[in-house]
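**Q** Okay, here's the structure, questions in a sec.
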Amino acid sequence: MTDSGFDMGLEDASQAGVYGVAHGDLGGLAAVARDAGLRVCRIDLEDCADKRTLLMRIGTQLDFPPGWGRNWDALSDALRDLSWLPANGYALLFNDADCLRQSSIEDFNTLLDVLSEASASWAEDAVPFWAFLELPEGGIVDGATLN
């Protein structure tokens with residue numbers, strides 16, 4: 001049992017991935033992730049309507065090194081590295097993810113792919129990498145269920 005009283009198994013890299021969560025769940029997830037020894041990074045997607053804004057917000061919140069490419073390939077590379085943010089594991093918490101999904105479904109889906117690939121890459125080294133996206137219907141995205 002963790003300090004928060006919940007044990008969700010967030011330290012298990014084999015279970016990590018990309019998950020949709022309902023509004024209001026990110027606060028509790030942040031506490032549980034901290035208790036599991038993960039670095040918690042919040043990414044605010046309120047009014048985020050395009051790739052440029054999305055990449056800027058992620059790069060800023062995760063303190064990407066100066067000069068990173070600000071494109072999908074650079075995001076993928078940075079998320080698979082994170083050597084400047086050493087940790088036993090990572091929990092990325094994206095609030096208001098529906099703003100991006102409603103404005104640019106293509107960018108939203110690409111983000112999901114990049115996050116999923118990063119999680120799988122970290123799992124190969126037994127490092128948990130979680131991404132939780134706050135959505136009105138929790139884990140449902142256009143009829144498909146996130147992990």
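Scheme for the structure tokens: letters A, B, ... for chains in order shown; per-chain residue numbers from 1; ligand numbers from 1 in order shown.
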What are the closest atom pairs, with distances in Å to one decimal, for each residue of segment 6-97 of chain A lying within 12 Å of segment 113-121 of chain A, using only C-alpha atoms, rows by chain and rising residue number, as JSON lines?
**A**
{"residue": "A:Asp12", "atom": "CA", "partner": "A:Ser119", "partner_atom": "CA", "distance": 11.7}
{"residue": "A:Ala13", "atom": "CA", "partner": "A:Ser119", "partner_atom": "CA", "distance": 8.3}
{"residue": "A:Ser14", "atom": "CA", "partner": "A:Ala120", "partner_atom": "CA", "distance": 8.5}
{"residue": "A:Gln15", "atom": "CA", "partner": "A:Ser119", "partner_atom": "CA", "distance": 9.6}
{"residue": "A:Ala16", "atom": "CA", "partner": "A:Ser119", "partner_atom": "CA", "distance": 6.6}
{"residue": "A:Gly17", "atom": "CA", "partner": "A:Ser119", "partner_atom": "CA", "distance": 5.5}
{"residue": "A:Val18", "atom": "CA", "partner": "A:Ser116", "partner_atom": "CA", "distance": 5.9}
{"residue": "A:Tyr19", "atom": "CA", "partner": "A:Ser116", "partner_atom": "CA", "distance": 9.6}
{"residue": "A:Leu55", "atom": "CA", "partner": "A:Val114", "partner_atom": "CA", "distance": 11.8}
{"residue": "A:Ile58", "atom": "CA", "partner": "A:Leu115", "partner_atom": "CA", "distance": 11.5}
{"residue": "A:Asn71", "atom": "CA", "partner": "A:Val114", "partner_atom": "CA", "distance": 11.2}
{"residue": "A:Trp72", "atom": "CA", "partner": "A:Val114", "partner_atom": "CA", "distance": 7.6}
{"residue": "A:Asp73", "atom": "CA", "partner": "A:Val114", "partner_atom": "CA", "distance": 8.6}
{"residue": "A:Ala74", "atom": "CA", "partner": "A:Val114", "partner_atom": "CA", "distance": 10.3}
{"residue": "A:Leu75", "atom": "CA", "partner": "A:Val114", "partner_atom": "CA", "distance": 7.7}
{"residue": "A:Ser76", "atom": "CA", "partner": "A:Val114", "partner_atom": "CA", "distance": 5.7}
{"residue": "A:Asp77", "atom": "CA", "partner": "A:Ala118", "partner_atom": "CA", "distance": 8.4}
{"residue": "A:Ala78", "atom": "CA", "partner": "A:Ala118", "partner_atom": "CA", "distance": 9.1}
{"residue": "A:Leu79", "atom": "CA", "partner": "A:Ala118", "partner_atom": "CA", "distance": 6.0}
{"residue": "A:Arg80", "atom": "CA", "partner": "A:Ala118", "partner_atom": "CA", "distance": 5.3}
{"residue": "A:Asp81", "atom": "CA", "partner": "A:Ala118", "partner_atom": "CA", "distance": 9.0}
{"residue": "A:Leu82", "atom": "CA", "partner": "A:Ala118", "partner_atom": "CA", "distance": 10.6}
{"residue": "A:Gly89", "atom": "CA", "partner": "A:Ser119", "partner_atom": "CA", "distance": 10.2}
{"residue": "A:Tyr90", "atom": "CA", "partner": "A:Ser119", "partner_atom": "CA", "distance": 9.3}
{"residue": "A:Ala91", "atom": "CA", "partner": "A:Ser119", "partner_atom": "CA", "distance": 10.2}
{"residue": "A:Leu92", "atom": "CA", "partner": "A:Leu115", "partner_atom": "CA", "distance": 9.4}
{"residue": "A:Leu93", "atom": "CA", "partner": "A:Leu115", "partner_atom": "CA", "distance": 11.6}
{"residue": "A:Phe94", "atom": "CA", "partner": "A:Leu115", "partner_atom": "CA", "distance": 11.4}
**Q** Enter the distance from atom CA of Phe129 of chain A to atom CA of Ala22 of chain A, in Å, rounded to one decimal.
**A**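 About the pair atom CA of Phe129 of chain A and atom CA of Ala22 of chain A: they are 19.4 Å apart.
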**Q** Identify, with DSSP run on backbone atoms, the residues in segment 15-108 of chain A assigned to strand (DSSP E or B), and express the list as a PyMOL selection string.
**A** chain A and resi 18-21+39-44+90-95
**Q** For each of A:Met56, A:Leu135, A:Ala87, A:Ile105, take the minimum atom-to-atom distance to Gly37 of chain A, counting only C-alpha atoms, then give the residue where this is smallest.
**A**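 Smallest distance to Gly37 of chain A is found for A:Ala87.
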**Q** Taking only C-alpha atoms into account, which of A:Glu11, A:Glu106, A:Asp96, A:Asp25 comes nearest Leu45 of chain A?
**A**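 So, comparing all the options, the nearest one is A:Asp96.
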**Q** Env of Leu85 of chain A: 9 Å cut, atoms = only C-alpha atoms, seq-sep filter 4 positions within chain, self excluded. Answer as a ChimeraX atom specification.
**A** /A:39,62-63,81
**Q** Taking all heavy atoms for each residue, export the selection above as a PDB file, in the first residue's frame.
**A**
ATOM      1  N   ARG A  39       8.219  10.317 -11.734  1.00  0.00           N
ATOM      2  CA  ARG A  39       8.258  11.765 -11.957  1.00  0.00           C
ATOM      3  C   ARG A  39       6.935  12.131 -12.617  1.00  0.00           C
ATOM      4  O   ARG A  39       6.594  11.597 -13.679  1.00  0.00           O
ATOM      5  CB  ARG A  39       9.416  12.162 -12.849  1.00  0.00           C
ATOM      6  CG  ARG A  39       9.443  13.672 -13.124  1.00  0.00           C
ATOM      7  CD  ARG A  39      10.591  14.065 -14.013  1.00  0.00           C
ATOM      8  NE  ARG A  39      11.858  13.931 -13.335  1.00  0.00           N
ATOM      9  CZ  ARG A  39      12.481  14.923 -12.687  1.00  0.00           C
ATOM     10  NH1 ARG A  39      11.927  16.104 -12.627  1.00  0.00           N
ATOM     11  NH2 ARG A  39      13.640  14.712 -12.125  1.00  0.00           N
ATOM     12  N   LEU A  62       8.266  19.538 -20.059  1.00  0.00           N
ATOM     13  CA  LEU A  62       9.276  18.499 -19.840  1.00  0.00           C
ATOM     14  C   LEU A  62      10.697  19.043 -19.965  1.00  0.00           C
ATOM     15  O   LEU A  62      11.658  18.278 -19.913  1.00  0.00           O
ATOM     16  CB  LEU A  62       9.062  17.336 -20.819  1.00  0.00           C
ATOM     17  CG  LEU A  62       7.733  16.607 -20.671  1.00  0.00           C
ATOM     18  CD1 LEU A  62       7.632  15.476 -21.682  1.00  0.00           C
ATOM     19  CD2 LEU A  62       7.550  16.076 -19.267  1.00  0.00           C
ATOM     20  N   ASP A  63      10.799  20.364 -20.103  1.00  0.00           N
ATOM     21  CA  ASP A  63      12.093  21.034 -20.121  1.00  0.00           C
ATOM     22  C   ASP A  63      13.040  20.435 -21.164  1.00  0.00           C
ATOM     23  O   ASP A  63      14.201  20.150 -20.869  1.00  0.00           O
ATOM     24  CB  ASP A  63      12.725  20.992 -18.724  1.00  0.00           C
ATOM     25  CG  ASP A  63      13.831  22.010 -18.552  1.00  0.00           C
ATOM     26  OD1 ASP A  63      13.819  23.028 -19.269  1.00  0.00           O
ATOM     27  OD2 ASP A  63      14.715  21.776 -17.710  1.00  0.00           O
ATOM     28  N   ASP A  81      14.134   9.479 -24.530  1.00  0.00           N
ATOM     29  CA  ASP A  81      15.423   9.769 -23.905  1.00  0.00           C
ATOM     30  C   ASP A  81      15.218  10.266 -22.471  1.00  0.00           C
ATOM     31  O   ASP A  81      15.469   9.534 -21.523  1.00  0.00           O
ATOM     32  CB  ASP A  81      16.159  10.805 -24.761  1.00  0.00           C
ATOM     33  CG  ASP A  81      17.523  11.176 -24.207  1.00  0.00           C
ATOM     34  OD1 ASP A  81      17.919  10.657 -23.155  1.00  0.00           O
ATOM     35  OD2 ASP A  81      18.199  12.004 -24.837  1.00  0.00           O
TER      36      ASP A  81
END
**Q** For Asp107 of chain A, please output as a list in words all residues within 10 Å (counting only C-alpha atoms; exclusion window: fewer than 3 positions along the same chain).
**A** Ala49, Asp50, Lys51, Arg52, Leu54, Trp72, Leu100, Arg101, Ser103, Ser104, Thr110, Leu111, Leu112 and Asp113 of chain A
**Q** Let me see the file: selected residues, N, CA and C atoms, as a tab-separated table (two decimals), in the first residue's frame.
**A**
chain	number	residue	atom	x	y	z
A	49	ALA	N	-5.04	23.81	-29.75
A	49	ALA	CA	-5.80	23.45	-30.94
A	49	ALA	C	-4.95	22.97	-32.10
A	50	ASP	N	-3.61	22.93	-31.93
A	50	ASP	CA	-2.79	22.55	-33.07
A	50	ASP	C	-1.46	21.96	-32.61
A	51	LYS	N	-0.78	21.36	-33.57
A	51	LYS	CA	0.49	20.69	-33.33
A	51	LYS	C	1.54	21.65	-32.76
A	52	ARG	N	1.63	22.85	-33.31
A	52	ARG	CA	2.65	23.80	-32.85
A	52	ARG	C	2.49	24.11	-31.37
A	54	LEU	N	0.80	22.32	-29.14
A	54	LEU	CA	0.99	21.07	-28.40
A	54	LEU	C	2.48	20.81	-28.15
A	72	TRP	N	7.22	15.91	-34.91
A	72	TRP	CA	6.83	14.62	-34.32
A	72	TRP	C	8.02	13.71	-34.07
A	100	LEU	N	-7.67	19.48	-27.95
A	100	LEU	CA	-6.86	19.11	-29.12
A	100	LEU	C	-7.63	18.12	-30.00
A	101	ARG	N	-8.26	17.15	-29.38
A	101	ARG	CA	-8.99	16.14	-30.17
A	101	ARG	C	-10.08	16.79	-31.02
A	103	SER	N	-10.20	19.94	-32.04
A	103	SER	CA	-9.65	20.89	-33.00
A	103	SER	C	-8.84	20.23	-34.11
A	104	SER	N	-8.12	19.14	-33.75
A	104	SER	CA	-7.26	18.49	-34.74
A	104	SER	C	-7.12	17.01	-34.40
A	110	THR	N	-1.84	11.35	-33.67
A	110	THR	CA	-0.39	11.24	-33.77
A	110	THR	C	0.22	11.32	-32.38
A	111	LEU	N	-0.28	12.20	-31.54
A	111	LEU	CA	0.19	12.27	-30.15
A	111	LEU	C	0.02	10.93	-29.46
A	112	LEU	N	-1.14	10.31	-29.62
A	112	LEU	CA	-1.38	9.00	-29.00
A	112	LEU	C	-0.36	7.97	-29.48
A	113	ASP	N	-0.08	7.97	-30.77
A	113	ASP	CA	0.91	7.04	-31.33
A	113	ASP	C	2.30	7.29	-30.74
**Q** Can you measure atom CA of Trp130 of chain A to atom CA of Leu26 of chain A for me? One decimal in Å is fine.
**A**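 Here the two named atoms are 12.3 Å from each other.
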